[in-house]
file entry_1.cif (mmCIF, C-alpha atoms and all ligand atoms)
data_target
#
loop_
_atom_site.label_atom_id
_atom_site.label_comp_id
_atom_site.auth_asym_id
_atom_site.auth_seq_id
_atom_site.Cartn_x
_atom_site.Cartn_y
_atom_site.Cartn_z
CA MET A 1 -18.64 -3.93 -8.48
CA SER A 2 -19.11 -0.17 -8.64
CA SER A 3 -16.15 1.94 -9.66
CA VAL A 4 -14.89 5.43 -9.00
CA GLU A 5 -13.09 7.46 -11.66
CA VAL A 6 -9.44 7.99 -10.75
CA LEU A 7 -7.12 10.10 -12.89
CA ILE A 8 -3.82 8.35 -13.55
CA GLN A 9 -0.60 9.65 -15.05
CA ARG A 10 2.08 7.35 -16.43
CA LEU A 11 5.45 8.71 -15.43
CA ASP A 12 7.10 5.77 -17.21
CA ALA A 13 5.63 5.11 -20.67
CA GLY A 14 7.29 1.68 -20.78
CA LEU A 15 5.08 0.28 -18.01
CA PRO A 16 1.40 -0.64 -18.29
CA VAL A 17 -1.34 1.18 -16.41
CA PRO A 18 -2.19 -0.73 -13.21
CA ALA A 19 -5.04 -3.15 -13.76
CA TYR A 20 -7.30 -5.56 -11.91
CA ALA A 21 -6.39 -9.18 -12.74
CA HIS A 22 -9.96 -10.48 -12.36
CA PRO A 23 -13.47 -9.06 -12.14
CA GLY A 24 -14.24 -8.48 -8.46
CA ASP A 25 -10.60 -8.00 -7.44
CA ALA A 26 -10.14 -5.25 -4.85
CA GLY A 27 -6.50 -4.62 -5.68
CA ALA A 28 -5.07 -3.30 -8.96
CA ASP A 29 -1.53 -4.58 -9.49
CA LEU A 30 1.31 -2.07 -9.44
CA TYR A 31 4.44 -2.59 -11.53
CA CYS A 32 8.04 -2.28 -10.42
CA ALA A 33 9.84 0.44 -12.39
CA THR A 34 13.38 -0.82 -11.77
CA ASP A 35 15.37 -4.04 -11.52
CA ILE A 36 16.37 -4.70 -7.93
CA GLU A 37 17.92 -7.39 -5.79
CA LEU A 38 17.14 -7.51 -2.08
CA MET A 39 19.50 -9.34 0.22
CA PRO A 40 18.02 -11.19 3.23
CA GLY A 41 16.55 -8.55 5.57
CA GLU A 42 17.14 -5.75 3.07
CA ARG A 43 14.56 -3.13 2.15
CA ALA A 44 14.26 -0.72 -0.76
CA VAL A 45 11.87 1.94 -1.98
CA VAL A 46 10.90 1.28 -5.59
CA GLY A 47 8.85 3.39 -7.98
CA THR A 48 5.76 2.13 -9.78
CA GLY A 49 5.86 4.61 -12.65
CA VAL A 50 2.41 6.04 -11.92
CA ALA A 51 0.81 8.96 -10.11
CA ILE A 52 -2.90 9.36 -9.38
CA ALA A 53 -5.38 12.04 -8.35
CA LEU A 54 -8.06 10.59 -6.09
CA PRO A 55 -11.38 12.34 -5.55
CA ASP A 56 -11.88 13.99 -2.18
CA GLY A 57 -13.13 11.47 0.38
CA TYR A 58 -11.02 8.61 -1.00
CA ALA A 59 -7.61 7.17 -0.18
CA ALA A 60 -5.58 4.42 -1.80
CA PHE A 61 -3.74 1.76 0.14
CA VAL A 62 -0.66 -0.06 -1.15
CA HIS A 63 -0.83 -3.68 -0.07
CA PRO A 64 1.72 -6.49 -0.46
CA ARG A 65 1.01 -9.38 -2.86
CA SER A 66 0.44 -12.71 -1.16
CA GLY A 67 2.33 -14.69 -3.81
CA LEU A 68 5.54 -12.71 -3.31
CA ALA A 69 5.06 -12.96 0.46
CA ALA A 70 4.46 -16.72 0.53
CA GLU A 71 7.07 -17.70 -2.07
CA HIS A 72 9.88 -15.28 -1.29
CA GLY A 73 9.05 -13.58 2.02
CA VAL A 74 8.70 -10.23 0.29
CA THR A 75 6.43 -7.75 2.06
CA MET A 76 6.26 -4.00 2.59
CA VAL A 77 7.73 -2.23 5.59
CA ASN A 78 4.74 0.09 5.99
CA ALA A 79 1.96 -2.19 4.77
CA PRO A 80 -0.55 -0.92 3.93
CA GLY A 81 0.98 2.30 2.60
CA THR A 82 -1.40 5.23 2.54
CA ILE A 83 -1.83 7.32 -0.62
CA ASP A 84 -3.52 10.60 0.31
CA ALA A 85 -6.07 12.12 -2.05
CA GLY A 86 -3.87 15.18 -2.43
CA TYR A 87 -0.69 13.26 -3.32
CA ARG A 88 0.44 13.79 -6.91
CA GLY A 89 3.87 12.17 -6.74
CA GLU A 90 4.88 8.74 -7.94
CA ILE A 91 3.36 5.88 -5.96
CA LYS A 92 6.25 4.08 -4.30
CA VAL A 93 6.54 0.71 -2.61
CA THR A 94 8.73 0.06 0.45
CA LEU A 95 9.73 -3.53 -0.27
CA LEU A 96 11.28 -5.73 2.41
CA ASN A 97 12.86 -9.15 1.99
CA THR A 98 12.02 -10.94 5.23
CA ASP A 99 13.73 -14.17 4.14
CA THR A 100 16.68 -14.90 6.40
CA LYS A 101 18.70 -16.84 3.77
CA GLU A 102 17.70 -16.11 0.17
CA PRO A 103 18.15 -12.90 -1.78
CA VAL A 104 15.28 -12.05 -4.13
CA ARG A 105 15.34 -10.40 -7.53
CA ILE A 106 12.47 -8.29 -8.78
CA GLY A 107 12.53 -7.11 -12.36
CA ARG A 108 11.24 -4.01 -14.06
CA GLY A 109 7.67 -4.75 -15.12
CA ASP A 110 7.05 -7.31 -12.36
CA ARG A 111 3.93 -6.79 -10.29
CA VAL A 112 5.18 -5.89 -6.80
CA ALA A 113 2.15 -4.63 -4.88
CA GLN A 114 -1.53 -3.86 -5.26
CA LEU A 115 -3.52 -0.68 -4.87
CA VAL A 116 -6.84 -0.74 -3.01
CA ILE A 117 -9.04 2.34 -3.36
CA GLN A 118 -11.36 3.09 -0.45
CA ARG A 119 -13.70 5.74 0.77
CA VAL A 120 -12.43 7.26 3.98
CA GLU A 121 -13.93 9.44 6.67
CA ARG A 122 -12.11 12.27 8.34
CA ALA A 123 -12.74 12.79 12.03
CA ALA A 124 -13.78 15.95 13.80
CA PHE A 125 -11.87 15.44 17.06
CA TYR A 126 -13.63 16.65 20.21
CA GLU A 127 -11.41 16.65 23.27
CA VAL A 128 -13.12 15.44 26.48
CA ASP A 129 -11.89 14.81 30.05
CA ARG A 130 -13.51 11.38 30.26
CA LEU A 131 -14.60 8.95 27.55
CA PRO A 132 -17.96 7.13 27.71
CA GLY A 133 -17.77 3.66 29.29
CA SER A 134 -17.80 0.41 27.30
CA VAL A 135 -17.81 -3.34 27.95
CA ARG A 136 -14.18 -3.73 26.78
CA GLY A 137 -12.92 -0.70 28.60
CA ALA A 138 -9.13 -0.46 28.35
CA ASP A 139 -8.56 -4.21 27.93
CA GLY A 140 -6.58 -5.21 24.88
CA PHE A 141 -3.33 -6.79 23.73
CA GLY A 142 -4.48 -10.38 24.24
CA SER A 143 -6.87 -9.69 27.12
CA THR A 144 -9.36 -12.25 25.76
CA GLY A 145 -6.73 -15.01 25.73
CA ARG A 146 -5.61 -17.17 22.81
O1 LIG A 201 3.58 3.18 0.56
C1 LIG A 201 3.49 4.40 0.33
C2 LIG A 201 3.12 5.32 1.33
C3 LIG A 201 3.06 6.67 0.98
N1 LIG A 201 3.34 7.09 -0.28
C4 LIG A 201 3.20 8.50 -0.62
C5 LIG A 201 1.75 8.90 -0.77
C6 LIG A 201 1.39 9.55 0.50
O2 LIG A 201 0.34 10.50 0.32
C7 LIG A 201 2.71 10.20 0.89
C8 LIG A 201 2.90 10.38 2.36
O3 LIG A 201 2.76 9.16 2.99
P1 LIG A 201 2.68 9.07 4.59
O4 LIG A 201 1.77 10.12 5.12
O5 LIG A 201 2.42 7.65 4.93
O6 LIG A 201 4.21 9.36 4.96
P2 LIG A 201 4.82 10.40 5.99
O7 LIG A 201 6.09 9.83 6.43
O8 LIG A 201 3.79 10.78 7.04
O9 LIG A 201 5.15 11.60 5.02
P3 LIG A 201 4.46 13.06 4.95
O10 LIG A 201 5.09 13.84 6.05
O11 LIG A 201 4.82 13.56 3.56
O12 LIG A 201 2.97 12.88 5.13
O13 LIG A 201 3.73 9.30 0.41
C9 LIG A 201 3.70 6.18 -1.26
O14 LIG A 201 3.94 6.52 -2.41
N2 LIG A 201 3.76 4.85 -0.92
MG MG A 202 1.92 11.70 6.53
#

call {"tool": "encode", "arguments": {"input": "entry_1.cif", "output": "structure tokens", "more": "lines below"}}
Ligand SMILES: O=c1ccn([C@H]2C[C@H](O)[C@@H](COP(=O)(O)OP(=O)(O)OP(=O)(O)O)O2)c(=O)[nH]1
Ligand SMILES: [Mg+2]
result
Amino acid sequence: MSSVEVLIQRLDAGLPVPAYAHPGDAGADLYCATDIELMPGERAVVGTGVAIALPDGYAAFVHPRSGLAAEHGVTMVNAPGTIDAGYRGEIKVTLLNTDTKEPVRIGRGDRVAQLVIQRVERAAFYEVDRLPGSVRGADGFGSTGR
């Protein structure tokens, strides 16, 4: 898999630099900087201890981890979170415990989310009075049935 150079700054020297668990993985795991406990339905913004500088034309997306989601119902409120190329602050994760009964504990150093780096296009928006026709038209929201 090709790679793009991304500058990374550790804001917390006690946490590792995010890494890919396997060759071919799209997501590099992000670490939780603090110990937290989320009650059922509770959300919290946690730091990951890192900041990055992406090249122009790229963005990073913070995705939930499927293991945390399947085992504990932990997801992210804004999944996927968007990290803009110009953002130099700490990457943060908006965790949400969707479990209706069990609280969940996440410790400092646990892997809480994963960062996917992608090329992105920016649009030049041209306002028009009428859009070109298409087969789908304005149909959506289940228009094709189940
Ligand atoms: O899960 C996330 C989402 C965003 N960010 C950071 C990086 C991103 O570049 C910045 C702004 O994010 P976004 O544009 O989604 O939030 P906003 O509510 O529109 O804030 P702003 O007005 O600062 O753009 O916050 C994170 O650290 N984690
Ligand atoms: Mg924004």

call {"tool": "closest_residue", "arguments": {"input": "entry_1.cif", "among": "A:Asp29, A:Asp99, A:Glu127, A:Asp139", "to": "Val112 (chain A)", "atoms": "only C-alpha atoms"}}
result
A:Asp29

call {"tool": "residues_near_ligand", "arguments": {"input": "entry_1.cif", "ligand": "ligand MG 202 (chain A)", "cutoff": "10 Å", "atoms": "all atoms listed in the file", "output": "VMD selection string"}}
result
chain A and resid 82 to 84

call {"tool": "residues_near_ligand", "arguments": {"input": "entry_1.cif", "ligand": "ligand LIG 201 (chain A)", "cutoff": "8 Å", "atoms": "all atoms listed in the file", "output": "short mmCIF file (atom, residue, chain, number, x, y, z; two decimals) with C-alpha atoms, in the frame of the given file"}}
result
data_model
loop_
_atom_site.label_atom_id
_atom_site.label_comp_id
_atom_site.auth_asym_id
_atom_site.auth_seq_id
_atom_site.Cartn_x
_atom_site.Cartn_y
_atom_site.Cartn_z
CA PHE A 61 -3.74 1.76 0.14
CA VAL A 62 -0.66 -0.06 -1.15
CA MET A 76 6.26 -4.00 2.59
CA ASN A 78 4.74 0.09 5.99
CA ALA A 79 1.96 -2.19 4.77
CA PRO A 80 -0.55 -0.92 3.93
CA GLY A 81 0.98 2.30 2.60
CA THR A 82 -1.40 5.23 2.54
CA ILE A 83 -1.83 7.32 -0.62
CA ASP A 84 -3.52 10.60 0.31
CA ALA A 85 -6.07 12.12 -2.05
CA GLY A 86 -3.87 15.18 -2.43
CA TYR A 87 -0.69 13.26 -3.32
CA ARG A 88 0.44 13.79 -6.91
CA GLY A 89 3.87 12.17 -6.74
CA GLU A 90 4.88 8.74 -7.94
CA ILE A 91 3.36 5.88 -5.96
CA LYS A 92 6.25 4.08 -4.30
CA VAL A 93 6.54 0.71 -2.61
CA THR A 94 8.73 0.06 0.45
#

call {"tool": "closest_residue", "arguments": {"input": "entry_1.cif", "among": "A:Leu131, A:Leu15, A:Val120, A:Val74", "to": "Glu37 (chain A)", "atoms": "all atoms listed in the file"}}
result
A:Val74

call {"tool": "residues_near_point", "arguments": {"input": "entry_1.cif", "point": "(-11.1, -2.0, -2.5)", "cutoff": "8 Å", "atoms": "only C-alpha atoms", "output": "list of chain:residue names"}}
result
A:Asp25, A:Ala26, A:Gly27, A:Val116, A:Ile117, A:Gln118

call {"tool": "write_last_selection", "arguments": {"input": "entry_1.cif", "atoms": "C-alpha atoms", "output": "CSV table (one decimal), in the coordinates of the input"}}
result
chain,number,residue,atom,x,y,z
A,25,ASP,CA,-10.6,-8.0,-7.4
A,26,ALA,CA,-10.1,-5.2,-4.8
A,27,GLY,CA,-6.5,-4.6,-5.7
A,116,VAL,CA,-6.8,-0.7,-3.0
A,117,ILE,CA,-9.0,2.3,-3.4
A,118,GLN,CA,-11.4,3.1,-0.4

call {"tool": "closest_residue", "arguments": {"input": "entry_1.cif", "among": "A:Thr100, A:Val4, A:Gly14, A:Val45", "to": "Gly57 (chain A)", "atoms": "only C-alpha atoms"}}
result
A:Val4

call {"tool": "closest_residue", "arguments": {"input": "entry_1.cif", "among": "A:His22, A:Arg146, A:His72, A:Arg10", "to": "Arg105 (chain A)", "atoms": "all atoms listed in the file"}}
result
A:His72
